[in-house]
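*Asks:* Take a look at my_file-v7.txt, compact mmCIF, C-alpha atoms:
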```txt
# COMPACT_ATOMS: atom_id res chain seq x y z
CA MET D 28 -39.16 -89.21 5.89
CA PRO D 29 -38.31 -91.19 2.74
CA ASP D 30 -37.62 -94.92 2.90
CA VAL D 31 -33.84 -94.60 2.66
CA ALA D 32 -33.23 -98.36 2.52
CA ALA D 33 -35.59 -98.75 -0.42
CA LEU D 34 -34.02 -95.81 -2.22
CA ARG D 35 -30.53 -97.27 -1.74
CA ASN D 36 -31.67 -100.50 -3.39
CA GLY D 37 -33.06 -98.77 -6.47
CA ARG D 38 -31.58 -96.59 -9.15
CA VAL D 39 -32.18 -93.01 -8.03
CA VAL D 40 -30.87 -89.85 -9.68
CA VAL D 41 -30.97 -86.86 -7.35
CA GLY D 42 -30.88 -83.65 -9.37
CA VAL D 43 -30.11 -80.13 -8.20
CA GLY D 44 -30.13 -76.80 -9.99
CA ALA D 45 -26.71 -75.16 -10.36
CA GLU D 46 -28.17 -71.81 -9.28
CA SER D 47 -30.38 -73.19 -6.49
CA GLY D 48 -27.87 -73.42 -3.65
CA GLN D 49 -29.87 -71.01 -1.49
CA LEU D 50 -33.12 -73.00 -1.79
CA VAL D 51 -34.43 -75.55 0.68
CA THR D 52 -35.06 -77.96 -2.20
CA TYR D 53 -31.34 -77.89 -3.07
CA ARG D 54 -30.24 -78.54 0.49
CA THR D 55 -32.75 -81.34 1.06
CA SER D 56 -31.78 -82.99 -2.23
CA VAL D 57 -28.08 -82.90 -1.30
CA ALA D 58 -28.93 -84.35 2.13
CA LEU D 59 -31.00 -87.13 0.58
CA ALA D 60 -28.22 -87.98 -1.88
CA GLY D 61 -25.80 -88.29 1.01
CA ARG D 62 -28.14 -90.57 2.94
CA ILE D 63 -28.60 -92.94 0.00
CA GLY D 64 -24.92 -92.92 -0.95
CA THR D 65 -25.04 -91.09 -4.26
CA THR D 66 -23.78 -87.80 -5.63
CA PRO D 67 -26.34 -85.22 -6.73
CA VAL D 68 -26.35 -84.40 -10.42
CA GLU D 69 -26.15 -80.70 -11.19
CA PHE D 70 -28.51 -79.37 -13.83
CA PRO D 71 -28.19 -75.93 -15.41
CA GLY D 72 -30.17 -73.06 -13.96
CA ASP D 73 -32.25 -72.92 -10.83
CA HIS D 74 -35.19 -75.01 -9.62
CA GLY D 75 -36.90 -74.49 -13.01
CA GLY D 76 -33.78 -74.80 -15.15
CA PHE D 77 -35.58 -76.97 -17.69
CA MET D 78 -37.55 -73.88 -18.75
CA ALA D 79 -34.67 -71.41 -18.95
CA HIS D 80 -32.07 -73.84 -20.34
CA PRO D 81 -34.00 -76.60 -22.13
CA ALA D 82 -31.22 -77.85 -24.43
CA GLU D 83 -28.57 -77.90 -21.71
CA PHE D 84 -30.99 -79.49 -19.26
CA ALA D 85 -31.83 -82.20 -21.81
CA ASP D 86 -28.12 -82.92 -22.37
CA VAL D 87 -27.55 -83.56 -18.67
CA LEU D 88 -30.76 -85.58 -18.39
CA ARG D 89 -29.78 -87.85 -21.30
CA LYS D 90 -26.42 -88.55 -19.66
CA VAL D 91 -27.90 -89.62 -16.33
CA LEU D 92 -30.87 -91.67 -17.52
```
What would you get if you wrote out this structure as structure tokens?
*Replies:*
Amino acid sequence: MPDVAALRNGRVVVGVGAESGQLVTYRTSVALAGRIGTTPVEFPGDHGGFMAHPAEFADVLRKVL
């Protein structure tokens, strides 16, 4: 289990793939975001969206960093 209190006190960006809703990694990321009081950021594609959509992925990444 992650240290939720520590994560709340830091700057954390929780990212999810737009096409990953059926994956466990998507659901656990959304759950973690809820526990630390943030909204998950949606990236294009699935779990490996940075490979299939590199330019679009980079655009989202630049905005959230």
*Asks:* With only C-alpha atoms as the counted atoms, please give the residues lying no more than 6 Å from range 46-58 of chain D, apart from itself and same-chain residues fewer than 2 positions off, as JSON, numbers by chain.
*Replies:* {"D": [43, 44, 60, 61, 72, 73]}
*Asks:* With only C-alpha atoms as the counted atoms, please give the residues lying no more than 12 Å from Val91 in chain D, apart from itself and same-chain residues fewer than 4 positions off, as a list in words.
*Replies:*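 My reading of the contact set: Arg38, Val39, Val40, Val41, Gly42, Thr66, Pro67, Val68, Glu69, Phe70, Phe84, Ala85, Asp86 and Val87 of chain D.
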*Asks:* One decimal, Å: what's the distance from CA of Leu59 in chain D over to CA of Leu88 in chain D, could you say?
*Replies:* 19.0 Å
*Asks:* Please provide the set of residues having any atom within 12 Å of Gly37 in chain D, restricted to all atoms listed in the file, with same-chain residues fewer than 6 positions apart removed, written as a PyMOL selection string.
*Replies:* chain D and resi 30-31+63-65
*Asks:* Write a file of the just-selected residues containing C-alpha atoms, as a CSV table (one decimal), in the coordinates of the input.
*Replies:*
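Contents of the output file again11.csv:
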```csv
chain,number,residue,atom,x,y,z
D,30,ASP,CA,-37.6,-94.9,2.9
D,31,VAL,CA,-33.8,-94.6,2.7
D,63,ILE,CA,-28.6,-92.9,0.0
D,64,GLY,CA,-24.9,-92.9,-1.0
D,65,THR,CA,-25.0,-91.1,-4.3
```
*Asks:* I'd like the interatomic distance between CA of Ala33 in chain D and CA of Lys90 in chain D, to a tenth of an Å.
*Replies:*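 Value for the CA of Ala33 in chain D-CA of Lys90 in chain D distance: 23.6 Å.
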*Asks:* Between CA of Pro71 in chain D and CA of Leu92 in chain D, what is the distance, to one decimal in Å?
*Replies:*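 A separation of 16.1 Å between them.
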*Asks:* Assuming the input is short of atoms at range 38-56 of chain D, produce N, CA and C atoms for that part as a PDB file, keeping the file's coordinate frame.
*Replies:*
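Output below, filename selection-v4.pdb:
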```
ATOM      1  N   ARG D  38     -32.400 -97.546  -8.396  1.00  0.00           N
ATOM      2  CA  ARG D  38     -31.580 -96.590  -9.150  1.00  0.00           C
ATOM      3  C   ARG D  38     -32.253 -95.223  -9.019  1.00  0.00           C
ATOM      4  N   VAL D  39     -31.620 -94.331  -8.290  1.00  0.00           N
ATOM      5  CA  VAL D  39     -32.180 -93.010  -8.030  1.00  0.00           C
ATOM      6  C   VAL D  39     -31.190 -91.954  -8.504  1.00  0.00           C
ATOM      7  N   VAL D  40     -31.678 -91.003  -9.273  1.00  0.00           N
ATOM      8  CA  VAL D  40     -30.870 -89.850  -9.680  1.00  0.00           C
ATOM      9  C   VAL D  40     -31.420 -88.649  -8.920  1.00  0.00           C
ATOM     10  N   VAL D  41     -30.586 -88.059  -8.092  1.00  0.00           N
ATOM     11  CA  VAL D  41     -30.970 -86.860  -7.350  1.00  0.00           C
ATOM     12  C   VAL D  41     -30.411 -85.667  -8.123  1.00  0.00           C
ATOM     13  N   GLY D  42     -31.304 -84.814  -8.595  1.00  0.00           N
ATOM     14  CA  GLY D  42     -30.880 -83.650  -9.370  1.00  0.00           C
ATOM     15  C   GLY D  42     -31.014 -82.367  -8.587  1.00  0.00           C
ATOM     16  N   VAL D  43     -30.064 -81.450  -8.820  1.00  0.00           N
ATOM     17  CA  VAL D  43     -30.110 -80.130  -8.200  1.00  0.00           C
ATOM     18  C   VAL D  43     -29.824 -79.075  -9.265  1.00  0.00           C
ATOM     19  N   GLY D  44     -30.388 -77.904  -9.088  1.00  0.00           N
ATOM     20  CA  GLY D  44     -30.130 -76.800  -9.990  1.00  0.00           C
ATOM     21  C   GLY D  44     -28.840 -76.083  -9.620  1.00  0.00           C
ATOM     22  N   ALA D  45     -28.003 -75.801 -10.602  1.00  0.00           N
ATOM     23  CA  ALA D  45     -26.710 -75.160 -10.360  1.00  0.00           C
ATOM     24  C   ALA D  45     -26.848 -73.819  -9.650  1.00  0.00           C
ATOM     25  N   GLU D  46     -27.959 -73.134  -9.873  1.00  0.00           N
ATOM     26  CA  GLU D  46     -28.170 -71.810  -9.280  1.00  0.00           C
ATOM     27  C   GLU D  46     -29.158 -71.851  -8.113  1.00  0.00           C
ATOM     28  N   SER D  47     -29.362 -73.026  -7.544  1.00  0.00           N
ATOM     29  CA  SER D  47     -30.380 -73.190  -6.490  1.00  0.00           C
ATOM     30  C   SER D  47     -29.799 -73.394  -5.104  1.00  0.00           C
ATOM     31  N   GLY D  48     -28.528 -73.138  -4.925  1.00  0.00           N
ATOM     32  CA  GLY D  48     -27.870 -73.420  -3.650  1.00  0.00           C
ATOM     33  C   GLY D  48     -28.525 -72.796  -2.437  1.00  0.00           C
ATOM     34  N   GLN D  49     -29.236 -71.698  -2.615  1.00  0.00           N
ATOM     35  CA  GLN D  49     -29.870 -71.010  -1.490  1.00  0.00           C
ATOM     36  C   GLN D  49     -31.253 -71.574  -1.173  1.00  0.00           C
ATOM     37  N   LEU D  50     -31.763 -72.478  -1.983  1.00  0.00           N
ATOM     38  CA  LEU D  50     -33.120 -73.000  -1.790  1.00  0.00           C
ATOM     39  C   LEU D  50     -33.147 -74.223  -0.883  1.00  0.00           C
ATOM     40  N   VAL D  51     -34.234 -74.371  -0.169  1.00  0.00           N
ATOM     41  CA  VAL D  51     -34.430 -75.550   0.680  1.00  0.00           C
ATOM     42  C   VAL D  51     -34.426 -76.813  -0.165  1.00  0.00           C
ATOM     43  N   THR D  52     -35.004 -76.768  -1.351  1.00  0.00           N
ATOM     44  CA  THR D  52     -35.060 -77.960  -2.200  1.00  0.00           C
ATOM     45  C   THR D  52     -33.661 -78.439  -2.584  1.00  0.00           C
ATOM     46  N   TYR D  53     -32.732 -77.525  -2.763  1.00  0.00           N
ATOM     47  CA  TYR D  53     -31.340 -77.890  -3.070  1.00  0.00           C
ATOM     48  C   TYR D  53     -30.729 -78.608  -1.870  1.00  0.00           C
ATOM     49  N   ARG D  54     -30.858 -77.985  -0.718  1.00  0.00           N
ATOM     50  CA  ARG D  54     -30.240 -78.540   0.490  1.00  0.00           C
ATOM     51  C   ARG D  54     -30.839 -79.899   0.868  1.00  0.00           C
ATOM     52  N   THR D  55     -32.142 -80.048   0.730  1.00  0.00           N
ATOM     53  CA  THR D  55     -32.750 -81.340   1.060  1.00  0.00           C
ATOM     54  C   THR D  55     -32.367 -82.409   0.046  1.00  0.00           C
ATOM     55  N   SER D  56     -32.207 -82.027  -1.203  1.00  0.00           N
ATOM     56  CA  SER D  56     -31.780 -82.990  -2.230  1.00  0.00           C
ATOM     57  C   SER D  56     -30.352 -83.455  -1.976  1.00  0.00           C
TER      58      SER D  56
END
```
